[in-house]
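Chemist: Below is the structure I would like to discuss, written out as structure tokens.
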Amino acid sequence: MTDRQFTFPTAEKLKSRKLIQQLFAQGKSAHVPLLTCHFLIDPAPLPVPLQAGVGASSRQFKKATDRNRIKRLLREAYRHNKYELLKMLTNQGQTMVLFFIYTGKELPTLQQVENAVQLILQQLQRRISTTKPS
RNA sequence: CUAUAUUCCCGAGCCAUCGUUCCGCUAACGCGGGAAGGAAAGUCCGGACAGCACAGAGCAACCUACCGGUGAAGAGCCGGCUUUCGCCUCCGGCGAAAAGAGAAAGUGCCACAGAAAAUAACUACCCUAUUCGCAAGAACAGGGAAAAGGUGAAAAAGUGAGGUAAAAGCUCACUAUGCCGUUGGGUAACCAAUGGCAUGGGUAAACCUUAGGUGCUGUAAUGCCAUGUAUAGGAUCGCCUGAAGACUGCUCGUCUGAGAUCCAGGGUAGGCAGCAAGAUCAGUACAGCAAUGUACUGACCAGAUAAAUGAUGGUUUAGAAACAGAAUCCGGCUUACGAGGAAUUAGCUUU
């Protein structure tokens, strides 16, 4: 762990096509208003404990600018709030992949997105603690 | 000063903190620099580039359509011509628009109204025969006739004269249109003058005809490297008596020549090149009516691959709000859009 908490480098981005397919096929999901998060605990070995991706439905948002905007807000909120979860995973020696999907119907503000991301990350932390290896 | 429309410009700058991507430097920590658009959009045209091993003939399909210039090219742009429309100070000028070859090769179609919408006789007109009637005339049959009526977006070239039973480009004059010529001007489209022949509704954004042109597929193209499996199994066809494939959408023809197709199942789904210096951009000068070109000087200005270019605060300002996000790259076209600025146009007020 470095001192800098609020980063989101390439290694922490979910990039493997295979891993994403596996995530949607086998993973579970958590829901809060405006946001759904697919997650998978302890998949194939990863270089870092936590990888994440973001997305917005092109059916709901037809303009590329709108989708870009939502993805940027999600990334921004995630990088500001991920450190608690990351610390927990590191301490327990577990890995995890996430994929956030925005489910709202209108363009959100950063505050709305940040609240939703915080809620979901708290849910994920509770789930990790219940599946903690004995 | 106001307003609308059109065209053009512009499409925020700076500072701090946090963050992303690419490049350069560094042993490393890090440091420095670049980072969406005028439309990146629609994918409507045109190219570059790449692959398809290689000649050719016919048919089909598609594209283009006044002339010249420009450019790599075009259904783009610039200039001109013609036609139509509008305005004015009307033998002329200004502005706008044009899917601007051919309807005189052929076929089809032309709502409503109207007798009839293209081999036109409904009313009215004229001639002849018959019948009725003293007569004027009436009825009916055959023919002539597009001059008159009304309908319509459009009615069989227009006006005048001759001509006739009544009429008719039937004849003549002028005009209009088309074709074939001559002379002069213009690179040409075309314009002016003039001779001969002809008189024929519209529609080609119906088929079509004429002239000219067009290989197909698109960067998920394509080339290379790495990893990995299965030379397992089944079915059909074929191995020079030719499967299958290529040229080309089809037919012919030519060429390649031993594997091809399907079922079921397994593996991979990483990297590099393509790929960021170019029909590039900015400035100046010159040539040209212009589009554009030439020369010189300077600049290097996104390059991802689940896909970067963002967030927060402050500040400048009259304002920061619109449409909207590169994906091989360029040139156009079209569509979307807003605070401000400029020009043109119109109106009003004052002098």
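If you're wondering about the labels, chains in the structure tokens are A, B, ... by order shown, residues count from 1 in each chain, ligands from 1 in order shown.
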Residues of chain B no more than 12 Å from chain A, counting only C-alpha atoms (C1' of nucleotides): send them over as a PyMOL selection string.
Modeler: chain B and resi 18-21+36+40-41+268-270+305-312+323-326
Chemist: List every residue of segment 52-95 of chain A that DSSP, applied to the backbone of this structure, places in strand (DSSP E), and write the result as an MDAnalysis selection string.
Modeler: chainID A and resid 52:56
Chemist: For the selection just defined, write its residues with N, CA and C atoms to a file, as a compact mmCIF listing (two decimals), in the first residue's frame.
Modeler:
# COMPACT_ATOMS: atom_id res chain seq x y z
N ALA A 52 -11.89 -3.28 -11.07
CA ALA A 52 -13.25 -2.80 -11.26
C ALA A 52 -13.43 -2.22 -12.66
N GLY A 53 -14.67 -2.31 -13.14
CA GLY A 53 -15.04 -1.67 -14.40
C GLY A 53 -16.36 -0.95 -14.22
N VAL A 54 -16.68 -0.07 -15.18
CA VAL A 54 -17.93 0.68 -15.08
C VAL A 54 -18.66 0.61 -16.42
N GLY A 55 -19.98 0.83 -16.37
CA GLY A 55 -20.74 0.80 -17.61
C GLY A 55 -22.08 1.48 -17.45
N ALA A 56 -22.65 1.84 -18.62
CA ALA A 56 -24.00 2.39 -18.65
C ALA A 56 -24.70 1.82 -19.87
Chemist: Using only C-alpha atoms (C1' of nucleotides), pick whichever of B:G144, B:G102, B:G186, B:G341 has the shortest atom-to-atom distance to U209 of chain B.
Modeler: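 Of the candidates, the smallest distance to U209 of chain B is held by B:G102.
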Chemist: Write out as a ChimeraX atom specification all residues of segment 5-132 of chain A that DSSP puts in helix (DSSP H, G or I) for this structure's backbone.
Modeler: /A:10-12,17-26,64-81,83-92,110-130
Chemist: Measure the distance from atom C1' of A244 of chain B to atom C1' of U217 of chain B in Å and round it to one decimal.
Modeler: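 Rounded to one decimal, the two atoms are 21.5 Å apart.
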Chemist: Would you mind reading off the distance between atom C1' of A146 of chain B and atom C1' of G162 of chain B, one decimal, in Å?
Modeler: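 Calculated distance between atom C1' of A146 of chain B and atom C1' of G162 of chain B is 19.6 Å.
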Chemist: Can you tell me which residues surround segment 124-136 of chain B at a distance of at most 10 Å, considering only C-alpha atoms (C1' of nucleotides), apart from same-chain residues fewer than 4 positions away, and format the answer as JSON, numbers by chain?
Modeler: {"B": [140, 141, 142, 143, 144, 145, 147, 148, 149, 165, 166, 167]}
Chemist: Work out how far atom C1' of A72 of chain B is from atom C1' of A287 of chain B, in Å to one decimal.
Modeler: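 Atom C1' of A287 of chain B sits 22.3 Å away from atom C1' of A72 of chain B.
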Chemist: Need to verify the contact set: G79 of chain B, 9 Å, only C-alpha atoms (C1' of nucleotides), exclusion of same-chain residues closer than 4 positions in sequence. Can you return it as an mmCIF file with N, CA, C and O atoms (P, O5', C5', C4', C3', O3' and C1' of nucleotides), in the first residue's frame?
Modeler:
data_model
loop_
_atom_site.group_PDB
_atom_site.id
_atom_site.type_symbol
_atom_site.label_atom_id
_atom_site.label_comp_id
_atom_site.auth_asym_id
_atom_site.auth_seq_id
_atom_site.Cartn_x
_atom_site.Cartn_y
_atom_site.Cartn_z
ATOM 1 P P G B 68 -16.998 21.541 -71.734
ATOM 2 O "O5'" G B 68 -16.171 22.676 -70.981
ATOM 3 C "C5'" G B 68 -15.411 23.607 -71.736
ATOM 4 C "C4'" G B 68 -14.927 24.744 -70.869
ATOM 5 C "C3'" G B 68 -13.975 24.379 -69.738
ATOM 6 O "O3'" G B 68 -12.648 24.188 -70.187
ATOM 7 C "C1'" G B 68 -15.626 25.843 -68.919
ATOM 8 P P G B 69 -11.703 23.163 -69.348
ATOM 9 O "O5'" G B 69 -11.454 23.933 -67.972
ATOM 10 C "C5'" G B 69 -10.643 25.100 -67.941
ATOM 11 C "C4'" G B 69 -10.761 25.806 -66.605
ATOM 12 C "C3'" G B 69 -10.131 25.093 -65.417
ATOM 13 O "O3'" G B 69 -8.734 25.294 -65.351
ATOM 14 C "C1'" G B 69 -12.282 25.882 -64.825
ATOM 15 P P C B 289 -8.286 37.784 -63.464
ATOM 16 O "O5'" C B 289 -9.065 37.769 -62.073
ATOM 17 C "C5'" C B 289 -9.485 38.993 -61.474
ATOM 18 C "C4'" C B 289 -10.852 38.842 -60.865
ATOM 19 C "C3'" C B 289 -11.005 37.715 -59.840
ATOM 20 O "O3'" C B 289 -10.632 38.156 -58.550
ATOM 21 C "C1'" C B 289 -12.811 37.659 -61.394
ATOM 22 P P A B 290 -9.685 37.227 -57.655
ATOM 23 O "O5'" A B 290 -10.589 35.972 -57.309
ATOM 24 C "C5'" A B 290 -11.650 36.080 -56.365
ATOM 25 C "C4'" A B 290 -12.587 34.890 -56.482
ATOM 26 C "C3'" A B 290 -11.997 33.555 -56.048
ATOM 27 O "O3'" A B 290 -12.209 33.361 -54.662
ATOM 28 C "C1'" A B 290 -13.048 33.342 -58.177
ATOM 29 P P A B 291 -11.238 32.429 -53.827
ATOM 30 O "O5'" A B 291 -11.631 30.954 -54.283
ATOM 31 C "C5'" A B 291 -12.710 30.261 -53.651
ATOM 32 C "C4'" A B 291 -13.027 28.981 -54.395
ATOM 33 C "C3'" A B 291 -11.926 27.917 -54.345
ATOM 34 O "O3'" A B 291 -12.012 27.110 -53.184
ATOM 35 C "C1'" A B 291 -12.648 28.227 -56.581
#
Chemist: Excluding same-chain residues fewer than 3 positions from C63 of chain B, what lies within 12 Å of it counting only C-alpha atoms (C1' of nucleotides), as an NGL selection string?
Modeler: :B and (45 or 74-75 or 212-214)
Chemist: Might you pull out every residue within 8 Å of segment 97-106 of chain A, with only C-alpha atoms (C1' of nucleotides) counted and same-chain residues fewer than 2 positions away left off, and present them as a PyMOL selection string?
Modeler: chain A and resi 14+23+33-41+43+50-57+60-61+70+74+95+108
Chemist: Would you kindly return, as an NGL selection string, each protein, DNA or RNA residue with an atom no farther than 12 Å from any atom of G319 of chain B, considering only C-alpha atoms (C1' of nucleotides) and excluding same-chain residues fewer than 4 positions away?
Modeler: :B and (12 or 338-340)
